[in-house]
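File shown: my_file.txt (compact mmCIF, C-alpha atoms).
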# COMPACT_ATOMS: atom_id res chain seq x y z
CA MET A 227 -22.25 -11.02 25.67
CA THR A 228 -19.11 -12.94 24.72
CA CYS A 229 -15.67 -11.69 25.69
CA ASP A 230 -14.72 -11.26 22.01
CA LYS A 231 -17.75 -9.08 21.41
CA ALA A 232 -17.02 -7.12 24.58
CA ARG A 233 -13.43 -6.44 23.53
CA ARG A 234 -14.51 -5.24 20.09
CA LEU A 235 -16.94 -2.90 21.82
CA VAL A 236 -14.11 -1.65 24.04
CA SER A 237 -12.25 -0.66 20.89
CA MET A 238 -15.33 1.22 19.68
CA ARG A 239 -15.79 2.85 23.08
CA ILE A 240 -12.24 4.21 22.85
CA ASP A 241 -13.16 5.79 19.51
CA GLY A 242 -16.47 7.11 20.79
CA THR A 243 -18.43 5.18 18.18
CA ILE A 244 -20.27 2.79 20.48
CA SER A 245 -24.06 3.04 20.75
CA ALA A 246 -25.74 3.80 24.06
CA GLY A 247 -27.26 0.32 24.24
CA ASP A 248 -23.95 -1.40 23.57
CA LEU A 249 -22.24 0.82 26.11
CA LEU A 250 -24.70 -0.27 28.79
CA ASN A 251 -24.20 -3.96 27.97
CA LEU A 252 -20.44 -3.51 27.88
CA ASP A 253 -20.35 -1.82 31.27
CA GLU A 254 -22.35 -4.71 32.74
CA HIS A 255 -19.96 -7.22 31.18
CA LEU A 256 -16.85 -5.40 32.41
CA VAL A 257 -18.14 -5.39 35.99
CA ARG A 258 -18.43 -9.17 35.91
CA CYS A 259 -15.41 -10.08 33.71
CA THR A 260 -11.98 -9.27 35.13
CA GLY A 261 -10.17 -10.44 31.94
CA CYS A 262 -12.06 -8.02 29.70
CA SER A 263 -11.70 -5.28 32.27
CA VAL A 264 -7.90 -5.65 32.15
CA VAL A 265 -7.94 -5.70 28.34
CA ALA A 266 -10.06 -2.54 28.32
CA SER A 267 -7.60 -0.80 30.60
CA ASP A 268 -4.60 -1.90 28.49
CA LEU A 269 -6.18 -0.80 25.20
CA GLU A 270 -7.08 2.59 26.62
CA ARG A 271 -3.51 3.11 27.82
CA ILE A 272 -1.97 1.99 24.53
CA THR A 273 -4.29 4.22 22.51
CA ALA A 274 -3.65 7.20 24.77
CA ASN A 275 0.05 6.59 24.36
CA LEU A 276 -0.23 6.50 20.56
CA ARG A 277 -2.27 9.67 20.50
CA SER A 278 0.25 11.50 22.65
CA ILE A 279 3.09 11.01 20.19
CA GLU A 280 4.08 14.41 18.97
CA HIS A 281 3.67 15.11 15.28
CA VAL A 282 6.78 16.01 13.37
CA GLN A 283 6.90 18.98 11.05
CA ALA A 284 8.44 18.80 7.62
CA SER A 285 11.52 20.96 7.25
CA ASP A 286 11.61 24.07 5.10
CA ALA A 287 13.73 22.13 2.62
CA PHE A 288 10.87 19.70 1.98
CA LEU A 289 9.14 21.89 -0.59
CA ASP A 290 12.45 22.68 -2.30
CA ASN A 291 13.28 18.97 -2.51
CA VAL A 292 9.92 18.21 -4.09
CA ARG A 293 10.40 21.06 -6.57
CA GLN A 294 13.84 19.73 -7.41
CA ARG A 295 12.43 16.25 -8.08
CA LEU A 296 9.69 17.69 -10.26
CA SER A 297 12.25 19.60 -12.29
CA GLU A 298 14.07 16.31 -12.94
CA LEU A 299 10.98 14.65 -14.38
CA PRO A 300 10.93 14.08 -18.12
CA ASP A 301 8.80 16.63 -19.97
CA ARG A 302 6.19 14.04 -20.88
CA SER A 303 5.51 13.30 -17.21
CA ARG A 304 5.49 16.95 -16.26
CA ARG A 305 3.19 18.10 -18.96
CA ALA A 306 1.24 15.03 -19.91
CA PRO A 307 -1.86 16.08 -21.85
CA MET A 308 -5.03 15.56 -19.92
CA LEU A 309 -6.75 12.34 -20.86
CA HIS A 310 -10.49 12.85 -20.76
CA SER A 311 -12.51 9.98 -19.40
CA TRP A 312 -14.15 9.33 -22.82
CA TYR A 313 -10.77 9.23 -24.50
CA ARG A 314 -9.30 6.44 -22.40
CA PRO A 315 -11.69 3.60 -23.41
CA LEU A 316 -11.28 4.72 -27.02
CA GLY A 317 -7.51 4.38 -26.72
CA ALA A 318 -7.86 0.96 -25.08
CA ALA A 319 -10.19 -0.19 -27.88
CA ALA A 320 -7.72 0.99 -30.53
CA VAL A 321 -4.92 -0.95 -28.86
CA ALA A 322 -7.11 -4.08 -28.63
CA ILE A 323 -8.13 -3.86 -32.31
CA THR A 324 -4.52 -3.39 -33.45
CA ALA A 325 -3.38 -6.35 -31.33
CA ALA A 326 -6.17 -8.53 -32.76
CA ALA A 327 -5.31 -7.52 -36.33
CA VAL A 328 -1.61 -8.36 -35.82
CA LEU A 329 -2.54 -11.71 -34.29
CA ILE A 330 -4.91 -12.66 -37.14
CA THR A 331 -2.38 -11.62 -39.81
CA PHE A 332 0.29 -13.68 -38.11
CA GLN A 333 -2.01 -16.71 -37.86
CA LEU A 334 -3.04 -16.47 -41.54
CA ARG A 335 0.56 -16.11 -42.61
CA ASN A 336 1.55 -19.00 -40.42
CA THR A 337 -1.27 -21.18 -41.80
CA SER A 338 -0.29 -20.32 -45.37
CA VAL A 339 3.37 -21.21 -44.76
CA HIS A 340 2.28 -24.37 -43.02
CA GLU A 341 0.09 -25.44 -45.95
CA ASP A 342 2.82 -24.72 -48.51
CA ARG A 343 5.33 -26.76 -46.54
CA ALA A 344 2.89 -29.67 -46.08
CA ALA A 345 2.06 -29.73 -49.82
CA ALA A 346 5.76 -29.76 -50.73
CA VAL A 347 6.49 -32.60 -48.30
CA HIS A 348 3.53 -34.65 -49.50
CA GLY A 349 4.57 -34.12 -53.13
CA ALA A 350 8.11 -35.24 -52.39
CA ILE A 351 6.86 -38.33 -50.60
CA ALA A 352 4.47 -39.26 -53.42
CA GLN A 353 7.33 -38.94 -55.87
CA ALA A 354 9.59 -41.05 -53.60
CA ARG A 355 6.83 -43.63 -53.25
CA VAL A 356 6.57 -44.00 -57.07
CA GLN A 357 10.35 -44.31 -57.31
CA HIS A 358 10.30 -46.83 -54.46
CA MET A 359 7.63 -48.96 -56.14
CA ALA A 360 9.80 -49.10 -59.22
CA LEU A 361 12.84 -49.91 -57.05
CA ALA A 362 10.95 -52.58 -55.07
CA ALA A 363 9.78 -54.18 -58.28
CA SER A 364 13.33 -54.31 -59.62
CA SER A 365 15.01 -55.22 -56.28
CA PRO A 366 12.71 -57.15 -53.88
CA LEU A 367 15.41 -57.45 -51.13
CA GLU A 368 15.63 -53.68 -50.58
CA ASP A 369 14.53 -53.04 -46.95
CA ILE A 370 12.62 -49.84 -47.65
CA THR A 371 8.94 -50.70 -47.91
CA VAL A 372 5.88 -48.77 -48.94
CA ALA A 373 4.56 -49.27 -45.42
CA THR A 374 7.66 -47.55 -44.00
CA LEU A 375 7.21 -44.69 -46.39
CA ASN A 376 3.55 -44.36 -45.44
CA GLY A 377 4.67 -44.35 -41.79
CA GLU A 378 7.17 -41.61 -42.58
CA THR A 379 4.39 -39.65 -44.21
CA ASP A 380 2.43 -39.81 -40.96
CA VAL A 381 5.47 -38.85 -38.92
CA ILE A 382 6.24 -35.84 -41.11
CA SER A 383 2.60 -34.72 -41.02
CA ALA A 384 2.57 -34.99 -37.25
CA GLN A 385 5.84 -33.05 -36.91
CA ASP A 386 4.61 -30.41 -39.27
CA SER A 387 1.52 -29.79 -37.24
CA ASP A 388 3.54 -28.90 -34.16
CA PRO A 389 3.55 -25.20 -33.49
CA MET B 202 -14.67 20.60 5.54
CA GLN B 203 -16.60 21.76 2.48
CA ALA B 204 -14.47 24.90 2.36
CA VAL B 205 -11.33 22.76 2.39
CA ALA B 206 -12.74 20.56 -0.39
CA ASP B 207 -13.63 23.63 -2.45
CA SER B 208 -10.20 25.11 -2.03
CA ASP B 209 -8.63 21.75 -2.91
CA ALA B 210 -10.69 21.57 -6.09
CA ALA B 211 -9.64 25.11 -7.00
CA LEU B 212 -5.98 24.25 -6.38
CA VAL B 213 -6.27 21.15 -8.54
CA GLU B 214 -7.80 23.18 -11.35
CA ARG B 215 -5.00 25.73 -11.14
CA CYS B 216 -2.42 22.91 -11.22
CA ARG B 217 -4.03 21.58 -14.37
CA SER B 218 -3.52 25.00 -15.90
CA ASP B 219 0.20 24.67 -15.18
CA ASP B 220 0.11 27.03 -12.21
CA HIS B 221 3.11 25.72 -10.29
CA ARG B 222 2.41 27.90 -7.28
CA ALA B 223 -0.85 26.04 -6.79
CA PHE B 224 1.02 22.78 -6.44
CA ASP B 225 3.41 24.42 -3.98
CA GLN B 226 0.37 25.29 -1.90
CA ILE B 227 -0.79 21.67 -1.99
CA VAL B 228 2.63 20.53 -0.77
CA VAL B 229 2.63 23.10 2.01
CA LEU B 230 -0.92 22.13 3.03
CA TYR B 231 -0.28 18.41 3.30
CA LYS B 232 3.46 17.89 3.80
CA ASP B 233 3.31 17.56 7.60
CA ARG B 234 0.44 15.08 7.54
CA VAL B 235 2.07 13.00 4.82
CA LEU B 236 5.46 13.04 6.54
CA ASN B 237 3.94 12.02 9.90
CA TYR B 238 2.05 9.19 8.33
CA VAL B 239 5.01 7.90 6.32
CA ARG B 240 7.32 8.11 9.33
CA GLY B 241 4.79 6.03 11.22
CA MET B 242 4.82 3.45 8.45
CA ILE B 243 8.58 3.34 7.82
CA SER B 244 11.17 3.25 10.57
CA ASP B 245 14.10 4.52 8.54
CA ARG B 246 13.87 8.27 8.77
CA ASP B 247 15.73 9.07 5.55
CA ASP B 248 13.72 6.56 3.55
CA ALA B 249 10.51 7.90 5.09
CA ASP B 250 11.42 11.45 4.07
CA ASP B 251 12.25 10.22 0.60
CA ILE B 252 8.90 8.47 0.26
CA ALA B 253 7.02 11.49 1.57
CA GLN B 254 8.61 13.54 -1.22
CA GLN B 255 7.94 10.84 -3.78
CA THR B 256 4.28 10.95 -2.72
CA PHE B 257 4.01 14.54 -3.90
CA VAL B 258 5.88 13.84 -7.13
CA LYS B 259 3.45 11.02 -7.89
CA ALA B 260 0.55 13.25 -6.93
CA TYR B 261 1.77 15.92 -9.32
CA VAL B 262 2.11 13.50 -12.20
CA GLY B 263 -1.29 11.95 -11.48
CA LEU B 264 -3.11 15.16 -10.69
CA ARG B 265 -4.48 15.53 -14.19
CA SER B 266 -6.44 12.33 -13.78
CA PHE B 267 -7.67 13.19 -10.26
CA GLN B 268 -11.43 13.41 -10.49
CA ASN B 269 -12.44 14.80 -7.09
CA ARG B 270 -14.28 11.61 -6.16
CA ALA B 271 -12.21 11.41 -2.99
CA SER B 272 -10.83 14.41 -1.13
CA LEU B 273 -7.36 15.52 -2.14
CA HIS B 274 -6.11 14.57 1.34
CA THR B 275 -7.51 11.04 1.03
CA TRP B 276 -6.08 10.70 -2.46
CA ILE B 277 -2.61 11.85 -1.40
CA LEU B 278 -2.62 9.53 1.62
CA ARG B 279 -3.62 6.65 -0.65
CA ILE B 280 -0.59 7.37 -2.83
CA ALA B 281 1.58 7.46 0.31
CA THR B 282 0.07 4.18 1.52
CA ASN B 283 0.84 2.45 -1.78
CA LEU B 284 4.39 3.76 -1.79
CA CYS B 285 4.96 2.65 1.82
CA ILE B 286 3.60 -0.84 1.21
CA ASP B 287 5.60 -1.11 -1.99
CA TYR B 288 8.73 0.00 -0.13
CA ARG B 289 8.19 -2.57 2.61
CA ARG B 290 7.61 -5.33 0.10
CA ARG B 291 10.80 -4.46 -1.71
CA ARG B 292 12.69 -4.42 1.57
CA GLY B 293 11.16 -7.66 2.83
CA ARG B 294 10.23 -7.80 6.49
CA PRO B 295 10.77 -4.63 8.47
CA ASP B 296 14.13 -3.96 10.04
CA ARG B 297 13.16 -4.59 13.62
CA ARG B 298 15.85 -2.83 15.53
CA PRO B 299 15.78 -3.42 19.26
CA VAL B 300 15.25 -0.08 20.89
CA TYR B 301 16.47 0.67 24.38
CA LEU B 302 16.65 4.38 24.74
CA GLY B 303 19.89 5.47 26.30
CA ALA B 304 21.60 2.16 25.69
CA THR B 305 21.76 2.50 21.93
CA GLY B 306 20.89 6.19 21.63
CA ASP B 307 18.97 5.87 18.40
CA ASP B 308 18.43 9.56 17.91
CA ALA B 309 16.38 9.20 14.76
CA GLN B 310 13.70 7.12 16.41
CA ALA B 311 13.85 9.04 19.64
CA ALA B 312 13.33 12.32 17.83
CA ALA B 313 10.49 10.90 15.78
CA LEU B 314 8.70 9.70 18.88
CA GLU B 315 9.26 12.52 21.24
CA ILE B 316 6.52 12.64 23.82
CA VAL B 317 4.79 15.79 24.86
CA ASP B 318 5.42 15.75 28.58
CA THR B 319 4.58 18.75 30.64
CA ARG B 320 5.71 17.18 33.89
CA CYS B 321 9.25 17.52 35.11
CA ASP B 322 9.93 14.09 36.60
CA PRO B 323 12.81 12.77 34.45
CA ALA B 324 12.18 9.15 35.49
CA GLN B 325 8.57 9.30 34.39
CA ALA B 326 9.45 11.13 31.21
CA TYR B 327 12.02 8.45 30.45
CA ALA B 328 9.55 5.65 31.20
CA ARG B 329 6.92 7.17 28.95
CA GLN B 330 9.39 7.67 26.16
CA GLU B 331 10.64 4.13 26.49
CA MET B 332 7.07 2.85 26.35
CA SER B 333 6.46 4.83 23.20
CA LEU B 334 9.50 3.33 21.55
CA LEU B 335 8.40 -0.16 22.54
CA THR B 336 4.96 0.59 21.14
CA ARG B 337 6.62 1.78 17.95
CA ASN B 338 8.45 -1.52 17.64
CA ALA B 339 5.20 -3.40 18.20
CA ILE B 340 3.52 -1.39 15.43
CA GLU B 341 6.46 -2.09 13.17
CA ALA B 342 5.83 -5.81 13.53
CA LEU B 343 2.18 -5.57 12.48
CA PRO B 344 1.10 -6.78 9.05
CA ASP B 345 0.63 -3.92 6.56
CA ARG B 346 -3.16 -4.12 6.56
CA LEU B 347 -3.32 -3.68 10.35
CA ARG B 348 -0.52 -1.15 10.72
CA THR B 349 -1.94 1.15 8.05
CA VAL B 350 -5.30 1.39 9.79
CA LEU B 351 -3.81 1.79 13.26
CA ILE B 352 -1.51 4.63 12.24
CA LEU B 353 -4.17 6.42 10.20
CA HIS B 354 -6.64 6.23 13.08
CA ASP B 355 -4.72 6.36 16.33
CA MET B 356 -1.78 8.50 15.26
CA GLU B 357 -3.23 10.58 12.44
CA GLY B 358 -6.70 10.86 13.91
CA LEU B 359 -8.58 10.04 10.70
CA PRO B 360 -12.20 8.86 10.94
CA TYR B 361 -13.19 5.33 9.91
CA GLU B 362 -14.85 6.59 6.71
CA GLU B 363 -11.75 8.32 5.36
CA ILE B 364 -9.57 5.32 6.21
CA ALA B 365 -12.01 3.08 4.35
CA ARG B 366 -11.58 5.27 1.27
CA ILE B 367 -7.78 5.29 1.58
CA VAL B 368 -7.35 1.55 1.98
CA ARG B 369 -10.38 0.77 -0.18
CA CYS B 370 -12.24 -1.59 2.10
CA PRO B 371 -15.63 -1.56 3.84
CA LEU B 372 -16.16 0.41 7.04
CA GLY B 373 -16.67 -2.78 9.07
CA THR B 374 -13.29 -4.05 7.89
CA VAL B 375 -11.62 -0.87 9.11
CA LYS B 376 -13.16 -1.30 12.58
CA SER B 377 -12.20 -4.94 12.67
CA ARG B 378 -8.62 -4.28 11.55
CA LEU B 379 -8.29 -1.51 14.10
CA PHE B 380 -9.45 -3.83 16.87
CA HIS B 381 -7.05 -6.59 15.80
CA ALA B 382 -4.17 -4.13 15.47
CA ARG B 383 -4.73 -2.84 19.00
CA MET B 384 -5.03 -6.36 20.40
CA ASN B 385 -1.87 -7.38 18.55
CA VAL B 386 0.09 -4.43 19.96
CA ARG B 387 -1.24 -5.21 23.43
CA GLU B 388 -0.12 -8.82 23.08
CA GLN B 389 3.40 -7.71 22.20
CA LEU B 390 3.51 -5.23 25.06
CA LEU B 391 2.04 -7.52 27.70
CA PRO B 392 5.34 -8.03 29.58
CA TYR B 393 5.72 -4.26 29.87
CA LEU B 394 2.08 -3.60 30.57
CA ARG B 395 2.06 -6.13 33.40
CA GLY B 396 5.50 -5.11 34.57
CA ASP B 397 6.09 -1.52 35.25
CA VAL B 398 6.08 1.35 32.80
CA LEU B 399 2.41 2.00 32.14
CA ALA B 400 1.36 0.70 35.54
CA GLN B 401 3.52 3.31 37.23
CA ASP B 402 2.26 5.89 34.83
CA GLY B 403 -1.31 4.95 35.60
CA GLU B 404 -0.77 5.19 39.35
CA SER B 405 0.69 8.62 39.04
CA ARG B 406 -2.49 10.03 37.44
Please go through the file and, once you have read it, give me the structure as structure tokens.
Amino acid sequence: MTCDKARRLVSMRIDGTISAGDLLNLDEHLVRCTGCSVVASDLERITANLRSIEHVQASDAFLDNVRQRLSELPDRSRRAPMLHSWYRPLGAAAVAITAAAVLITFQLRNTSVHEDRAAAVHGAIAQARVQHMALAASSPLEDITVATLNGETDVISAQDSDP
Amino acid sequence: MQAVADSDAALVERCRSDDHRAFDQIVVLYKDRVLNYVRGMISDRDDADDIAQQTFVKAYVGLRSFQNRASLHTWILRIATNLCIDYRRRRGRPDRRPVYLGATGDDAQAAALEIVDTRCDPAQAYARQEMSLLTRNAIEALPDRLRTVLILHDMEGLPYEEIARIVRCPLGTVKSRLFHARMNVREQLLPYLRGDVLAQDGESR
């Protein structure tokens, strides 16, 4: 038997929960092992000391103080209707369904707004591109190019996709 | 035990029917045990008393959902345990006040840890009381999971099974925590154990 095992058994012996076989083995170990024997003696003394601490008694005012605190509770806490066990999952399901519905509505609305905005931007760019082609044809030194505009289109699309 | 459980169940039913006297009876039945336990867990006497009262307020509010799966005593002590641990977390590490009885005269702790001593030798009575206060400080320094089990078992006298239900862990874990708690307290008290107080006490038996 290891010393660790022996010391755990000492703790169980103090509580009276050790088996007869373990008790026999422990006694044999304690005869041979001075270290465990000292530990056993210390633990017994500490436990006896703890058990000898006198229990306090609550004062007569204790009940009055509790009553006072209860009287200060809001009515809902004091007289909460009893929630039957079948009712609670139903309530949780209702909350989950409502939350899901709100989330989906929000997403749809968000998608719709997003699509409207994207269509408007693309329309404006297409119109600008036509105007630019006319401008480029009439003034070849203008530094705005179709390529730049196409790049801007990509940039706007990318920005628009951000949440 | 069955009779107690039956009477608890009847009291709970009466409480659910808004019979306030039934809840008074529950408070009267369990107030001493709850107060003892909470005072073991929390060194500040006023705060401990406050939490003991809060335990019953929480029990009252939650009583309608109590389903008799655990005994009322176990359930109330579980509420007290949660409140104590919550209190200690809010306060950070425990206020470890050095205790030297007589030198500081900490009446609150001394009164809470008064030793039943039928002998008349004042020196021995003093030594035993001092040892108890040192033990109390050692318990105060334990982690919550060890201190809870040690107090419930060695000071409140609860069996392993009930402690397992209160702290919601397997029986083997309770035994293991109890062992480690005792070894931890011993480690802290070694200078005193090897020095004088308990040795003298042991010789006098």
Choose the residue, out of B:Arg329, B:His354, B:Arg217, B:Arg387, that has the smallest atom-to-atom separation from B:Arg265; count only C-alpha atoms.
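Looking only at the distances to B:Arg265, the closest residue turns out to be B:Arg217.
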With distances taken over all atoms listed in the file, which of A:Asp342, A:Asp253, A:Asp241, A:Asp248 is nearest to chain B?
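Of all the options, A:Asp241 lies closest to chain B.
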With a distance threshold of 8 Å and counting all atoms listed in the file, extract the residues of chain A near chain B and express them as a list in words.
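Close to chain B, chain A has Arg234, Ser237, Met238, Asp268, Leu269, Arg271, Ile272, Thr273, Asn275, Leu276, Arg277, Ser278, Ile279, Glu280, His281, Val282, Gln283, Ala284, Phe288, Leu289, Asn291, Val292, Arg295, Leu296, Ser303, Arg304, Ala306, Met308 and Leu309 of chain A.
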Atom-to-atom span, atom CA of B:Ile340 and atom CA of B:Arg291, Å:
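Interatomic distance, atom CA of B:Ile340 to atom CA of B:Arg291: 18.9 Å.
Put simply, atom CA of B:Ala382 is 6.7 Å away from atom CA of B:Arg348.
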Selection near B:Thr282, 8 Å with all atoms listed in the file, sequence-local residues under 6 positions removed, as a PyMOL selection string
chain B and resi 239+349+367-368
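Coordinates place atom CA of A:Arg239 at a distance of 9.2 Å from atom CA of A:Leu252.
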Exercise: A:Ala266 partners within 9 Å, all atoms listed in the file, chain neighbours under 6 positions left out, as a PyMOL selection string:
chain A and resi 233+236-237+240+256
